[in-house]
Amino acid sequence: TASFDSFVYKHPRFDVAFSSIDSCYGLENVFINTTILEGGSYSDTIWYIGNSDTLYTYDASYTFDNPGNYTVQLIMEQSDYCLDTFERQINVDPIPTPDFTAENTCLGDGTIFRDLSSVSSGTYTIDWDFDDGQKGSETVDTITYASGGVKIVTLTVTSDQGCVIDTSRDITITYPEINSFVLGDVCQDKSQEITSNNSLGLDSFDQYRWVINGAQIANDSIFTHTGTSLGINYINLEVTTKNGCEITYADSFEVFNSPRANFFITPVCLGQEV
C-alpha cells in the first residue's frame, strides 16, 4: 500500500485595497495604498489609471485630463507569487469657469456686476467681494461706492460638488468733475475764449456740449464766443467721458451795453474860448 505525505501551505492574509476621494478637474488625485499583508513582502505594485496610464509606485497620484468617471485598478504581487486586485470608480468633477462684467463705473452711479460663470454639469453658487467691505451673493448685484479709485473685485464660484474657484479683477471707479468755467463779463459785440477747469479723476473728457441761453453753440473743449445778448447769459456744459460718465456744470456771465464815444463843437470866433 502506497502512502503519501501532503503539505498544505497557508499563505498569509493578503487583501489589496486603496483609498481615495473624488476630486475636481485640474486638481491632483491621491490614491493611498491600504493593502493588508500579514506575512512575506510585496514583489510588485501596478496601478492602471483610466484607460491609458500605468504607475508602479506603492501610493499613487494623478491629474486627469478631463472631468468624468474613471476606473482605477491596483494589482499587487506577494513574494510567493500570490496576486490580488482591487479597483474602484473615481469621479472627477467639473470645476466652474468664473467670469463677470461691471457696468456703470462712474462714482455716484450704481455699478452693476453681472455673473457670467458656467459649469459643464450641475449647478453652482457665487460669492462677491466688492472691496470697500461690501459683499454679495446675487447673480446681478448693484453697488454704489463711496469713493473713486481702483477696486479689487473677487468672484468666488462653488459647484454643487464642492469644487471652488475664484477670479479677481481691477475695476476703476472714475470721478471726473467740472470745477469752474474760465470766462468773464463782456461788453456787447466783444469776444472772449471760454473753457472749463476740470478734475479728470482717472478719466478723460471725450465729448463736449456747450449751451448758452438754451442754444447749443460749441462742442470743443475751448471756443470763442461774442456777446450779443445784453444782460445775464446762462451757460451750461455737458460732458461725456471716455468711461461713459455724464456730468454737467452751469454758470452765467453778463453782457453790458458798450459805451459809444461822441462829442460836438460849438462854432466860436477867433480868440474866443472853446
# chains A, B, ... in the order shown; residues from 1 in each chain; ligands from 1

call {"tool": "residues_around", "arguments": {"residues": "A:Gly110", "least_positions_apart": "6", "cutoff": "9 Å", "atoms": "only C-alpha atoms", "output": "list in words"}}
result
Glu103, Asn104, Thr142, Ile143, Thr144 and Tyr145 of chain A

call {"tool": "write_last_selection", "arguments": {"atoms": "N, CA, C and O atoms", "output": "PDB file, in the first residue's frame"}}
result
ATOM      1  N   GLU A 103     -20.658  97.228 -15.077  1.00  0.00           N
ATOM      2  CA  GLU A 103     -21.211  98.323 -15.874  1.00  0.00           C
ATOM      3  C   GLU A 103     -21.442  99.534 -14.968  1.00  0.00           C
ATOM      4  O   GLU A 103     -21.677  99.390 -13.770  1.00  0.00           O
ATOM      5  N   ASN A 104     -21.413 100.733 -15.579  1.00  0.00           N
ATOM      6  CA  ASN A 104     -21.639 101.986 -14.854  1.00  0.00           C
ATOM      7  C   ASN A 104     -20.581 102.170 -13.763  1.00  0.00           C
ATOM      8  O   ASN A 104     -20.866 102.098 -12.573  1.00  0.00           O
ATOM      9  N   THR A 142     -25.870  95.333  -7.523  1.00  0.00           N
ATOM     10  CA  THR A 142     -25.578  96.738  -7.772  1.00  0.00           C
ATOM     11  C   THR A 142     -24.935  97.342  -6.527  1.00  0.00           C
ATOM     12  O   THR A 142     -25.480  97.250  -5.431  1.00  0.00           O
ATOM     13  N   ILE A 143     -23.779  97.955  -6.734  1.00  0.00           N
ATOM     14  CA  ILE A 143     -23.014  98.516  -5.633  1.00  0.00           C
ATOM     15  C   ILE A 143     -22.743  99.996  -5.913  1.00  0.00           C
ATOM     16  O   ILE A 143     -22.331 100.360  -7.015  1.00  0.00           O
ATOM     17  N   THR A 144     -22.991 100.831  -4.906  1.00  0.00           N
ATOM     18  CA  THR A 144     -22.650 102.244  -5.002  1.00  0.00           C
ATOM     19  C   THR A 144     -21.444 102.509  -4.108  1.00  0.00           C
ATOM     20  O   THR A 144     -21.520 102.343  -2.888  1.00  0.00           O
ATOM     21  N   TYR A 145     -20.347 102.885  -4.722  1.00  0.00           N
ATOM     22  CA  TYR A 145     -19.119 103.108  -3.969  1.00  0.00           C
ATOM     23  C   TYR A 145     -19.104 104.520  -3.377  1.00  0.00           C
ATOM     24  O   TYR A 145     -19.628 105.465  -3.969  1.00  0.00           O
TER      25      TYR A 145
END

call {"tool": "residues_around", "arguments": {"residues": "stretch 181-189 of chain A", "least_positions_apart": "4", "cutoff": "9 Å", "atoms": "only C-alpha atoms", "output": "ChimeraX atom specification"}}
result
/A:193-198,226-230,249-259

call {"tool": "residues_around", "arguments": {"residues": "A:Ala102", "least_positions_apart": "2", "cutoff": "9 Å", "atoms": "only C-alpha atoms", "output": "NGL selection string"}}
result
:A and (100 or 104-105 or 111-114 or 171)

call {"tool": "atom_distance", "arguments": {"atom1": "atom CA of A:Phe14", "atom2": "atom CA of A:Asn69"}}
result
28.1 Å

call {"tool": "residues_around", "arguments": {"residues": "A:Phe205", "least_positions_apart": "5", "cutoff": "10 Å", "atoms": "only C-alpha atoms", "output": "NGL selection string"}}
result
:A and (176-177 or 198-200 or 221 or 239-247)

call {"tool": "residues_around", "arguments": {"residues": "stretch 22-37 of chain A", "least_positions_apart": "4", "cutoff": "7 Å", "atoms": "only C-alpha atoms", "output": "PDB file with N, CA and C atoms, in the first residue's frame"}}
result
ATOM      1  N   PRO A  12      -0.071  33.880   4.009  1.00  0.00           N
ATOM      2  CA  PRO A  12      -0.524  34.930   4.918  1.00  0.00           C
ATOM      3  C   PRO A  12      -1.667  35.724   4.281  1.00  0.00           C
ATOM      4  N   ARG A  13      -2.443  36.360   5.143  1.00  0.00           N
ATOM      5  CA  ARG A  13      -3.555  37.188   4.654  1.00  0.00           C
ATOM      6  C   ARG A  13      -3.021  38.256   3.711  1.00  0.00           C
ATOM      7  N   PHE A  14      -3.727  38.435   2.572  1.00  0.00           N
ATOM      8  CA  PHE A  14      -3.274  39.350   1.533  1.00  0.00           C
ATOM      9  C   PHE A  14      -4.517  39.992   0.918  1.00  0.00           C
ATOM     10  N   ASP A  15      -4.860  41.201   1.353  1.00  0.00           N
ATOM     11  CA  ASP A  15      -6.053  41.909   0.865  1.00  0.00           C
ATOM     12  C   ASP A  15      -5.608  43.236   0.258  1.00  0.00           C
ATOM     13  N   VAL A  16      -5.729  43.351  -1.058  1.00  0.00           N
ATOM     14  CA  VAL A  16      -5.326  44.580  -1.753  1.00  0.00           C
ATOM     15  C   VAL A  16      -6.475  45.581  -1.704  1.00  0.00           C
ATOM     16  N   ALA A  17      -6.165  46.826  -1.402  1.00  0.00           N
ATOM     17  CA  ALA A  17      -7.176  47.888  -1.361  1.00  0.00           C
ATOM     18  C   ALA A  17      -6.465  49.239  -1.411  1.00  0.00           C
ATOM     19  N   PHE A  18      -7.219  50.271  -1.715  1.00  0.00           N
ATOM     20  CA  PHE A  18      -6.690  51.630  -1.633  1.00  0.00           C
ATOM     21  C   PHE A  18      -7.834  52.583  -1.324  1.00  0.00           C
ATOM     22  N   TYR A  58       4.109  52.598  -4.742  1.00  0.00           N
ATOM     23  CA  TYR A  58       3.254  51.989  -3.706  1.00  0.00           C
ATOM     24  C   TYR A  58       1.966  52.802  -3.535  1.00  0.00           C
ATOM     25  N   ASP A  59       2.078  54.084  -3.314  1.00  0.00           N
ATOM     26  CA  ASP A  59       0.947  55.008  -3.397  1.00  0.00           C
ATOM     27  C   ASP A  59       1.022  55.697  -4.750  1.00  0.00           C
ATOM     28  N   ALA A  60      -0.072  56.348  -5.143  1.00  0.00           N
ATOM     29  CA  ALA A  60      -0.076  56.971  -6.472  1.00  0.00           C
ATOM     30  C   ALA A  60      -0.784  58.317  -6.408  1.00  0.00           C
ATOM     31  N   SER A  61      -0.404  59.190  -7.320  1.00  0.00           N
ATOM     32  CA  SER A  61      -1.101  60.465  -7.514  1.00  0.00           C
ATOM     33  C   SER A  61      -1.205  60.710  -9.012  1.00  0.00           C
ATOM     34  N   TYR A  62      -2.321  61.358  -9.393  1.00  0.00           N
ATOM     35  CA  TYR A  62      -2.560  61.505 -10.830  1.00  0.00           C
ATOM     36  C   TYR A  62      -3.534  62.654 -11.047  1.00  0.00           C
ATOM     37  N   THR A  63      -3.292  63.430 -12.103  1.00  0.00           N
ATOM     38  CA  THR A  63      -4.187  64.509 -12.501  1.00  0.00           C
ATOM     39  C   THR A  63      -4.827  64.137 -13.824  1.00  0.00           C
ATOM     40  N   PHE A  64      -6.150  64.009 -13.834  1.00  0.00           N
ATOM     41  CA  PHE A  64      -6.867  63.591 -15.031  1.00  0.00           C
ATOM     42  C   PHE A  64      -7.002  64.750 -16.007  1.00  0.00           C
ATOM     43  N   ASN A  66      -9.494  65.342 -18.113  1.00  0.00           N
ATOM     44  CA  ASN A  66     -10.851  65.835 -18.317  1.00  0.00           C
ATOM     45  C   ASN A  66     -11.740  65.391 -17.161  1.00  0.00           C
ATOM     46  N   PRO A  67     -12.849  66.111 -16.931  1.00  0.00           N
ATOM     47  CA  PRO A  67     -13.818  65.621 -15.959  1.00  0.00           C
ATOM     48  C   PRO A  67     -14.446  64.317 -16.451  1.00  0.00           C
ATOM     49  N   ILE A  90     -13.650  56.402  -9.928  1.00  0.00           N
ATOM     50  CA  ILE A  90     -13.265  57.723  -9.446  1.00  0.00           C
ATOM     51  C   ILE A  90     -14.030  58.765 -10.249  1.00  0.00           C
ATOM     52  N   ASN A  91     -14.668  59.691  -9.536  1.00  0.00           N
ATOM     53  CA  ASN A  91     -15.357  60.792 -10.205  1.00  0.00           C
ATOM     54  C   ASN A  91     -14.468  62.029 -10.187  1.00  0.00           C
ATOM     55  N   VAL A  92     -14.223  62.577 -11.353  1.00  0.00           N
ATOM     56  CA  VAL A  92     -13.502  63.845 -11.469  1.00  0.00           C
ATOM     57  C   VAL A  92     -14.538  64.894 -11.851  1.00  0.00           C
ATOM     58  N   ASP A  93     -14.876  65.740 -10.890  1.00  0.00           N
ATOM     59  CA  ASP A  93     -15.973  66.687 -11.076  1.00  0.00           C
ATOM     60  C   ASP A  93     -15.520  67.921 -11.833  1.00  0.00           C
ATOM     61  N   PRO A  94     -16.394  68.471 -12.673  1.00  0.00           N
ATOM     62  CA  PRO A  94     -16.023  69.690 -13.407  1.00  0.00           C
ATOM     63  C   PRO A  94     -15.876  70.867 -12.463  1.00  0.00           C
ATOM     64  N   ILE A  95     -14.962  71.723 -12.765  1.00  0.00           N
ATOM     65  CA  ILE A  95     -14.771  72.937 -11.973  1.00  0.00           C
ATOM     66  C   ILE A  95     -15.396  74.100 -12.744  1.00  0.00           C
ATOM     67  N   CYS A 163     -16.460  71.955  -5.784  1.00  0.00           N
ATOM     68  CA  CYS A 163     -15.291  72.497  -6.476  1.00  0.00           C
ATOM     69  C   CYS A 163     -15.347  74.025  -6.411  1.00  0.00           C
TER      70      CYS A 163
END

call {"tool": "closest_residue", "arguments": {"among": "A:Val153, A:Cys82, A:Ile21, A:Leu55", "to": "A:Ser41", "atoms": "only C-alpha atoms"}}
result
A:Cys82

call {"tool": "select_by_dssp", "arguments": {"residues": "stretch 16-261 of chain A", "states": "strand (DSSP E)", "output": "PyMOL selection string"}}
result
chain A and resi 18-19+23-24+29-33+36-37+42-49+53-55+60-62+68-78+83-93+100-103+111-115+124-129+135-136+140-143+149-159+164-173+177-182+186-187+191-199+205-212+215-218+223-226+231-241+246-256

call {"tool": "closest_residue", "arguments": {"among": "A:Ser52, A:Thr154, A:Ser120, A:Thr85", "to": "A:Asp166", "atoms": "only C-alpha atoms"}}
result
A:Thr154

call {"tool": "atom_distance", "arguments": {"atom1": "atom CA of A:Asp84", "atom2": "atom CA of A:Tyr70"}}
result
20.2 Å

call {"tool": "closest_residue", "arguments": {"among": "A:Lys190, A:Thr248, A:Thr139, A:Asn179", "to": "A:Val211", "atoms": "only C-alpha atoms"}}
result
A:Thr248
